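Asks: After the structure tokens below, expect a handful of questions from me.
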Amino acid sequence: MLHQAIQTVKSKLAWRDRYDNFIGGKWVAPVGGQYFTNVSPITGKPIGEIARSQAADVELALDAAHKAKDAWGRAAPAQRALVLNRIADRIEANLPLLAQVETIDNGKPIRETTHADLPLGVDHFRYFAGVLRAQEGGISEVDHDTVAYHFHEPLGVVGQIIPWNFPLLMAIWKLAPALAAGNCVVLKPAEQTPLSIMVLTELIADLLPEGVLNVVNGFGVEAGKPLASNKRISKIAFTGETTTGRLIMQYASENLIPVTLELGGKSPNVFFADVMDEDDDYFDKALEGFALFALNQGEVCTCPSRVLVQESIFDRFIERAVARVNKIKQGHPLDPSTMIGAQASNDQLEKILSYIDIGRKEGAEVLTGGGRANLEGELSTGYYVQPTVLRGHNKMRVFQEEIFGPVVSVTTFKDFDDAISIANDTLYGLGAGVWSRNGTQAYRAGRAIQAGRVWTNCYHAYPAHAAFGGYKQSGIGRENHKMMLDHYQQTKNLLVSYSPKALGFF
Amino acid sequence: MVERVLAAEAALALIDKLRAIHGDLMFHQSGGCCDGSAPMCYPKGEFRIGGSDVKLGEIGGCEFFMSESQFEYWKHTQLLIDVVPGRGSGFSLESPEGVRFLTRSRVFTDEEVAELEKAA
């Protein structure tokens, strides 16, 4: 099935067996002449080769970006917005094919790439095209003869390092605001999922001036580090984990440049007793909200991986919730009825299993799942994990570390204060969920939880125009909102005197 | 003496291999997203250790650190650093080798906890 799908996509869309870097609008072979094998997690088998870049390749990309930055930075907002809208249109016109490439590269179900990742990406480009047009500078009247003009100016050339869990969408989250704001970009995809970004890049290459977008592939230590530590970038944006986030800040401090970091979480999903007041549509939605830990195989920074249920309803609630989880259909990621696909890599699979192991050793009870899913046929060599529900307490490692798999850890709380105390007993503060029919209770809980995004009576929605980012150790900065333009812009202030009179000091 | 962090044979062999290429090494246990919860291996001194880190011990002659706040949640477990086939782990040195370090864990016994507390 995978081979057939690849052949079908290749007959309709440019998809190369070997990808060089995309630099200055051209394909440029890596200086060292090395490539690495890209594997589809669906089967664990190779699907192509990708440039294994080094510092010299990053320098070439930066040369191209610097050459392009003045013209792109001065292009009228209307012109830049038009380019973004055209990119959105191009993606939309090829959406089913790009969705297949993304599924093949990452292992996530085709129904998610078709109905979430790609449509969100399309909308994201349109959103930043729109907000760019609507962005205004400022005029401050300091006094009658003194005026402060505030202009937005691009930073210049920025570096962006993309994670593997939503390879296209996370790239677009970073690219759209950076390009809208007038920057040129050197982007490094994750080495686990380099393919879809290259296919997208070729698809939109004719829409962007040469050098505005440059994509360099390779391993973190060989290509990511020379980018993140480079003197010729004006900003670095990274989505990943805490130690690399700290290292990137250290590099940024050496060059005195800003960073935005999105570093994950351990998001609480809080269910108050009144969710079970009726067995109605709302409760059905709440149960889906529980099962959403399995979205994208749990490989989401905001995976609702800690569920807190009010103890008065726990037994009845968990019976229904586990039954809902047991209905999750695991299968071939390219099958439109599949609800959970493959983990993105072998090491990710191993890490998830190691966490289920320590969960058991710490005394967590396995309510369903609890191991590798052994699928048949070509999937037998892929990386599949059963949706797993663990019951335990919040001090266990499985409640405190991001497993990044379809594993949810469930515990109980007594009352509102207990719920907030447990919810906030974590190093992280990216996402959270609150479920209650009582609007006041839901509001107070949402305000009390220390997290950048509190989904209230919903979960895992990522619309543009709703700011997304972390409190605590979950990162710095926001994405998904017009305020991102500020993250990619300088403020130029012209302080102008219209008075003919000397100051009188000298 | 009870060790907080140990290394499997495969990890020790990989450390030797990486040391031959990159010189002295260090480890910092990551947390959080994507490649998080993984031990990161760097040239010694590449990652700046600060007052917010604790040293758990040494593996293969390399110091092994973790942030203090994370340690608070991890300190009841012993870490065994292993190696699995894989790819990608931030800027960790092993990823071009087609393998990555992996942290396995077990819960300390009450006796071990008592000994660790005494040693502290």
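Convention: chains lettered A, B, ... in structure tokens order; per-chain residue numbering from 1; ligands numbered from 1 as shown.
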Given only C-alpha atoms, how would the per-residue table for chain A near chain B read, listing every residue at most 7 Å away with its closest atom pair and distance in Å to one decimal, sorted by chain and number, as JSON lines?
Replies:
```
{"residue": "A:Pro163", "atom": "CA", "partner": "B:Cys34", "partner_atom": "CA", "distance": 6.9}
{"residue": "A:Glu191", "atom": "CA", "partner": "B:Gly88", "partner_atom": "CA", "distance": 6.1}
{"residue": "A:Gln192", "atom": "CA", "partner": "B:Arg87", "partner_atom": "CA", "distance": 6.5}
{"residue": "A:Phe219", "atom": "CA", "partner": "B:Pro96", "partner_atom": "CA", "distance": 6.4}
{"residue": "A:Gly220", "atom": "CA", "partner": "B:Phe91", "partner_atom": "CA", "distance": 4.5}
{"residue": "A:Val221", "atom": "CA", "partner": "B:Phe91", "partner_atom": "CA", "distance": 4.1}
{"residue": "A:Lys225", "atom": "CA", "partner": "B:Phe91", "partner_atom": "CA", "distance": 6.6}
{"residue": "A:Gly240", "atom": "CA", "partner": "B:Cys33", "partner_atom": "CA", "distance": 5.3}
{"residue": "A:Glu241", "atom": "CA", "partner": "B:Cys33", "partner_atom": "CA", "distance": 4.6}
{"residue": "A:Thr242", "atom": "CA", "partner": "B:Gly31", "partner_atom": "CA", "distance": 5.4}
{"residue": "A:Thr243", "atom": "CA", "partner": "B:Ser30", "partner_atom": "CA", "distance": 4.8}
{"residue": "A:Thr244", "atom": "CA", "partner": "B:Gly90", "partner_atom": "CA", "distance": 5.8}
{"residue": "A:Leu247", "atom": "CA", "partner": "B:Phe47", "partner_atom": "CA", "distance": 6.0}
{"residue": "A:Leu263", "atom": "CA", "partner": "B:Cys33", "partner_atom": "CA", "distance": 5.4}
{"residue": "A:Gly264", "atom": "CA", "partner": "B:Cys33", "partner_atom": "CA", "distance": 4.0}
{"residue": "A:Gly265", "atom": "CA", "partner": "B:Gly32", "partner_atom": "CA", "distance": 5.8}
{"residue": "A:Cys301", "atom": "CA", "partner": "B:Cys33", "partner_atom": "CA", "distance": 5.6}
{"residue": "A:Ser345", "atom": "CA", "partner": "B:Gly86", "partner_atom": "CA", "distance": 6.7}
{"residue": "A:Asn346", "atom": "CA", "partner": "B:Gly86", "partner_atom": "CA", "distance": 5.5}
{"residue": "A:Asp347", "atom": "CA", "partner": "B:Gly86", "partner_atom": "CA", "distance": 4.8}
{"residue": "A:Lys351", "atom": "CA", "partner": "B:Leu102", "partner_atom": "CA", "distance": 6.8}
{"residue": "A:Ser354", "atom": "CA", "partner": "B:Arg104", "partner_atom": "CA", "distance": 5.9}
{"residue": "A:Ile358", "atom": "CA", "partner": "B:Ser105", "partner_atom": "CA", "distance": 6.0}
{"residue": "A:Lys361", "atom": "CA", "partner": "B:Val107", "partner_atom": "CA", "distance": 6.6}
{"residue": "A:Glu362", "atom": "CA", "partner": "B:Val107", "partner_atom": "CA", "distance": 6.5}
{"residue": "A:Lys395", "atom": "CA", "partner": "B:Tyr73", "partner_atom": "CA", "distance": 6.8}
{"residue": "A:Arg397", "atom": "CA", "partner": "B:Trp74", "partner_atom": "CA", "distance": 6.6}
{"residue": "A:Gln400", "atom": "CA", "partner": "B:Tyr73", "partner_atom": "CA", "distance": 6.9}
{"residue": "A:Glu401", "atom": "CA", "partner": "B:Gly32", "partner_atom": "CA", "distance": 6.6}
{"residue": "A:Glu402", "atom": "CA", "partner": "B:Gly32", "partner_atom": "CA", "distance": 5.3}
{"residue": "A:Phe404", "atom": "CA", "partner": "B:Cys34", "partner_atom": "CA", "distance": 6.6}
```
Asks: Please provide the set of residues having any atom within 7 Å of Ser305 (chain A), restricted to only C-alpha atoms, with same-chain residues fewer than 5 positions apart removed, written as a PyMOL selection string.
Replies: chain A and resi 266-268+293+407-409
Asks: For a quick check of understanding, using only C-alpha atoms, which of B:Leu12, B:Met26, B:Met1, B:Ile49 has the smallest distance to Arg246 (chain A)?
Replies: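 Residue with the minimum atom-to-atom distance to Arg246 (chain A): B:Ile49.
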Asks: Residues within 9 Å of Ala75 (chain A), please, as a PyMOL selection string. Count only C-alpha atoms; anything in the same chain fewer than 5 positions from it doesn't count.
Replies: chain A and resi 70+80+182
Asks: Quick check, in Å to one decimal: how far apart do CA of Thr368 (chain A) and CA of Val434 (chain A) lie?
Replies: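 One can read the CA of Thr368 (chain A) to CA of Val434 (chain A) distance as 23.4 Å.
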Asks: Just the number, please: distance in Å from CA of Asp82 (chain B) to CA of Asn38 (chain A), one decimal.
Replies: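 For CA of Asp82 (chain B) relative to CA of Asn38 (chain A), the distance reads 23.6 Å.
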Asks: Within 7 Å of Leu227 (chain A), counting only C-alpha atoms, which residues show up once you throw out same-chain ones fewer than 4 positions away? Write them as JSON, numbers by chain, please.
Replies: {"A": [58, 159, 223]}
Asks: Can I get the selection written as a tab-separated table (two decimals), in the first residue's frame, with C-alpha atoms?
Replies:
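Final output, part_12.tsv:
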```tsv
chain	number	residue	atom	x	y	z
A	58	VAL	CA	24.57	26.65	6.26
A	159	GLY	CA	17.08	30.76	11.51
A	223	ALA	CA	23.63	21.47	10.56
```
Asks: What does the structure give for the distance between CA of Phe71 (chain B) and CA of Cys41 (chain B), in Å to one decimal?
Replies: 17.9 Å
Asks: For region 370-385 of chain A, work out the shell of residues within 7 Å, counting only C-alpha atoms and skipping chain neighbours fewer than 5 positions away, then give it as a ChimeraX atom specification.
Replies: /A:41-44,341-343,345-346,349,353,356
Asks: Suppose we keep N, CA and C atoms; can you now write the selection as a tab-separated table (two decimals), in the first residue's frame?
Replies:
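Output (selection.tsv):
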```tsv
chain	number	residue	atom	x	y	z
A	41	PRO	N	8.12	5.92	8.80
A	41	PRO	CA	7.79	5.17	10.02
A	41	PRO	C	6.64	4.19	9.81
A	42	ILE	N	5.95	4.33	8.68
A	42	ILE	CA	4.85	3.40	8.42
A	42	ILE	C	5.38	1.97	8.32
A	43	THR	N	6.52	1.84	7.65
A	43	THR	CA	7.11	0.51	7.45
A	43	THR	C	8.51	0.39	8.05
A	44	GLY	N	9.09	1.51	8.46
A	44	GLY	CA	10.48	1.48	8.92
A	44	GLY	C	11.47	1.30	7.77
A	341	GLY	N	-1.84	6.31	13.91
A	341	GLY	CA	-0.86	5.73	13.00
A	341	GLY	C	0.43	5.34	13.70
A	342	ALA	N	1.56	5.61	13.02
A	342	ALA	CA	2.86	5.15	13.51
A	342	ALA	C	3.56	6.26	14.29
A	343	GLN	N	4.32	5.87	15.31
A	343	GLN	CA	5.21	6.83	15.97
A	343	GLN	C	6.29	7.21	14.94
A	345	SER	N	9.52	7.55	14.83
A	345	SER	CA	10.84	6.93	14.67
A	345	SER	C	10.97	5.76	15.64
A	346	ASN	N	11.98	4.95	15.37
A	346	ASN	CA	12.24	3.82	16.24
A	346	ASN	C	12.61	4.26	17.66
A	349	LEU	N	9.62	5.21	19.57
A	349	LEU	CA	8.92	4.00	20.03
A	349	LEU	C	9.59	3.44	21.29
A	353	LEU	N	8.00	3.07	25.16
A	353	LEU	CA	7.94	1.79	25.87
A	353	LEU	C	8.71	1.86	27.19
A	356	ILE	N	6.34	3.44	29.67
A	356	ILE	CA	5.31	2.53	30.16
A	356	ILE	C	5.94	1.58	31.19
```
Asks: Which one is closest to Tyr462 (chain A): A:Arg447, A:His481, A:Arg360, A:His150? Count only C-alpha atoms.
Replies: A:His481
Asks: Any idea what's packed within 7 Å of Gly24 (chain A), counting only C-alpha atoms, ignoring anything in its chain fewer than 5 positions away? Could you give it as a ChimeraX atom specification?
Replies: /A:64,210-211,214
Asks: With N, CA and C atoms kept, could you save the residues just selected as a PDB file, in the first residue's frame?
Replies:
```pdb
ATOM      1  N   ALA A  64      22.892  33.347   0.533  1.00  0.00           N
ATOM      2  CA  ALA A  64      21.724  33.572  -0.336  1.00  0.00           C
ATOM      3  C   ALA A  64      20.677  34.421   0.373  1.00  0.00           C
ATOM      4  N   GLU A 210      14.229  34.446  -5.175  1.00  0.00           N
ATOM      5  CA  GLU A 210      15.370  33.602  -4.810  1.00  0.00           C
ATOM      6  C   GLU A 210      15.998  34.057  -3.502  1.00  0.00           C
ATOM      7  N   GLY A 211      16.279  33.097  -2.649  1.00  0.00           N
ATOM      8  CA  GLY A 211      16.993  33.402  -1.417  1.00  0.00           C
ATOM      9  C   GLY A 211      16.121  33.795  -0.246  1.00  0.00           C
ATOM     10  N   ASN A 214      15.309  29.401   2.305  1.00  0.00           N
ATOM     11  CA  ASN A 214      16.393  28.455   2.062  1.00  0.00           C
ATOM     12  C   ASN A 214      16.240  27.302   3.045  1.00  0.00           C
TER      13      ASN A 214
END
```
Asks: If you count only C-alpha atoms, which residues fall within 10 Å of Thr193 (chain A), apart from same-chain ones fewer than 2 positions away, as a PyMOL selection string?
Replies: chain A and resi 38-41+102+104-107+162-168+189-191+195-198+217+344-345
Asks: Return the single residue from B:Asp110, B:Glu68, B:Glu3, B:Asp24 that is closest to Val54 (chain B), with distances computed using only C-alpha atoms.
Replies: B:Glu68
Asks: Using backbone DSSP assignments, extract all helix (DSSP H, G or I) residues from chain B; output them as a VMD selection string.
Replies: chain B and resid 9 to 22 68 to 74 95 to 97 110 to 119
Asks: Would you write out those residues with N, CA and C atoms, as a CSV table (one decimal), in the first residue's frame?
Replies:
```csv
chain,number,residue,atom,x,y,z
B,9,GLU,N,26.4,-1.6,28.6
B,9,GLU,CA,27.7,-1.8,27.8
B,9,GLU,C,27.6,-1.1,26.5
B,10,ALA,N,26.5,-1.1,25.8
B,10,ALA,CA,26.4,-0.5,24.5
B,10,ALA,C,26.6,1.0,24.6
B,11,ALA,N,26.2,1.6,25.7
B,11,ALA,CA,26.3,3.0,25.9
B,11,ALA,C,27.8,3.4,26.1
B,12,LEU,N,28.5,2.5,26.9
B,12,LEU,CA,29.9,2.7,27.2
B,12,LEU,C,30.7,2.6,25.9
B,13,ALA,N,30.4,1.7,25.1
B,13,ALA,CA,31.1,1.5,23.8
B,13,ALA,C,30.9,2.7,22.9
B,14,LEU,N,29.6,3.2,22.9
B,14,LEU,CA,29.3,4.4,22.1
B,14,LEU,C,30.1,5.7,22.6
B,15,ILE,N,30.1,5.8,24.0
B,15,ILE,CA,30.8,6.9,24.6
B,15,ILE,C,32.3,6.9,24.1
B,16,ASP,N,32.9,5.7,24.1
B,16,ASP,CA,34.3,5.6,23.7
B,16,ASP,C,34.5,6.0,22.3
B,17,LYS,N,33.5,5.5,21.4
B,17,LYS,CA,33.6,5.9,20.0
B,17,LYS,C,33.5,7.4,19.8
B,18,LEU,N,32.5,8.0,20.5
B,18,LEU,CA,32.3,9.4,20.3
B,18,LEU,C,33.5,10.2,20.9
B,19,ARG,N,34.0,9.7,22.0
B,19,ARG,CA,35.2,10.5,22.6
B,19,ARG,C,36.4,10.5,21.6
B,20,ALA,N,36.5,9.4,20.9
B,20,ALA,CA,37.6,9.3,19.9
B,20,ALA,C,37.5,10.3,18.8
B,21,ILE,N,36.2,10.7,18.5
B,21,ILE,CA,36.0,11.7,17.5
B,21,ILE,C,36.0,13.1,18.0
B,22,HIS,N,35.3,13.3,19.2
B,22,HIS,CA,35.0,14.6,19.7
B,22,HIS,C,35.8,15.1,20.9
B,68,GLU,N,17.9,20.9,38.2
B,68,GLU,CA,17.5,20.6,39.6
B,68,GLU,C,16.0,20.4,39.7
B,69,SER,N,15.2,21.3,39.0
B,69,SER,CA,13.8,21.2,39.1
B,69,SER,C,13.3,19.8,38.6
B,70,GLN,N,13.9,19.3,37.5
B,70,GLN,CA,13.5,18.0,37.0
B,70,GLN,C,14.0,16.9,37.9
B,71,PHE,N,15.1,17.1,38.5
B,71,PHE,CA,15.7,16.1,39.5
B,71,PHE,C,14.7,15.9,40.6
B,72,GLU,N,14.0,16.9,41.0
B,72,GLU,CA,13.0,16.8,42.1
B,72,GLU,C,12.0,15.7,41.8
B,73,TYR,N,11.6,15.6,40.5
B,73,TYR,CA,10.6,14.7,40.1
B,73,TYR,C,11.2,13.3,39.7
B,74,TRP,N,12.5,13.3,39.6
B,74,TRP,CA,13.2,12.0,39.1
B,74,TRP,C,14.0,11.3,40.1
B,95,SER,N,23.7,11.3,17.1
B,95,SER,CA,22.7,11.1,16.1
B,95,SER,C,23.2,10.8,14.7
B,96,PRO,N,24.3,11.4,14.2
B,96,PRO,CA,24.8,11.0,12.8
B,96,PRO,C,25.2,9.5,12.8
B,97,GLU,N,25.4,8.9,13.9
B,97,GLU,CA,25.8,7.5,14.0
B,97,GLU,C,24.6,6.5,13.7
B,110,ASP,N,13.7,1.1,49.2
B,110,ASP,CA,13.7,1.9,50.4
B,110,ASP,C,15.2,2.0,51.0
B,111,GLU,N,15.9,0.9,50.9
B,111,GLU,CA,17.2,0.8,51.5
B,111,GLU,C,18.1,1.7,50.7
B,112,GLU,N,18.0,1.7,49.4
B,112,GLU,CA,18.8,2.6,48.5
B,112,GLU,C,18.5,4.0,48.8
B,113,VAL,N,17.2,4.3,48.9
B,113,VAL,CA,16.9,5.7,49.2
B,113,VAL,C,17.5,6.2,50.5
B,114,ALA,N,17.5,5.3,51.5
B,114,ALA,CA,18.1,5.7,52.8
B,114,ALA,C,19.6,5.9,52.6
B,115,GLU,N,20.2,5.1,51.9
B,115,GLU,CA,21.7,5.2,51.7
B,115,GLU,C,22.0,6.5,50.9
B,116,LEU,N,21.1,6.8,49.9
B,116,LEU,CA,21.4,8.1,49.1
B,116,LEU,C,21.2,9.3,50.0
B,117,GLU,N,20.2,9.2,50.9
B,117,GLU,CA,19.9,10.4,51.8
B,117,GLU,C,21.1,10.5,52.8
B,118,LYS,N,21.6,9.4,53.2
B,118,LYS,CA,22.7,9.4,54.2
B,118,LYS,C,23.9,10.1,53.5
B,119,ALA,N,24.1,9.6,52.3
B,119,ALA,CA,25.3,10.2,51.5
B,119,ALA,C,25.2,11.7,51.3
```
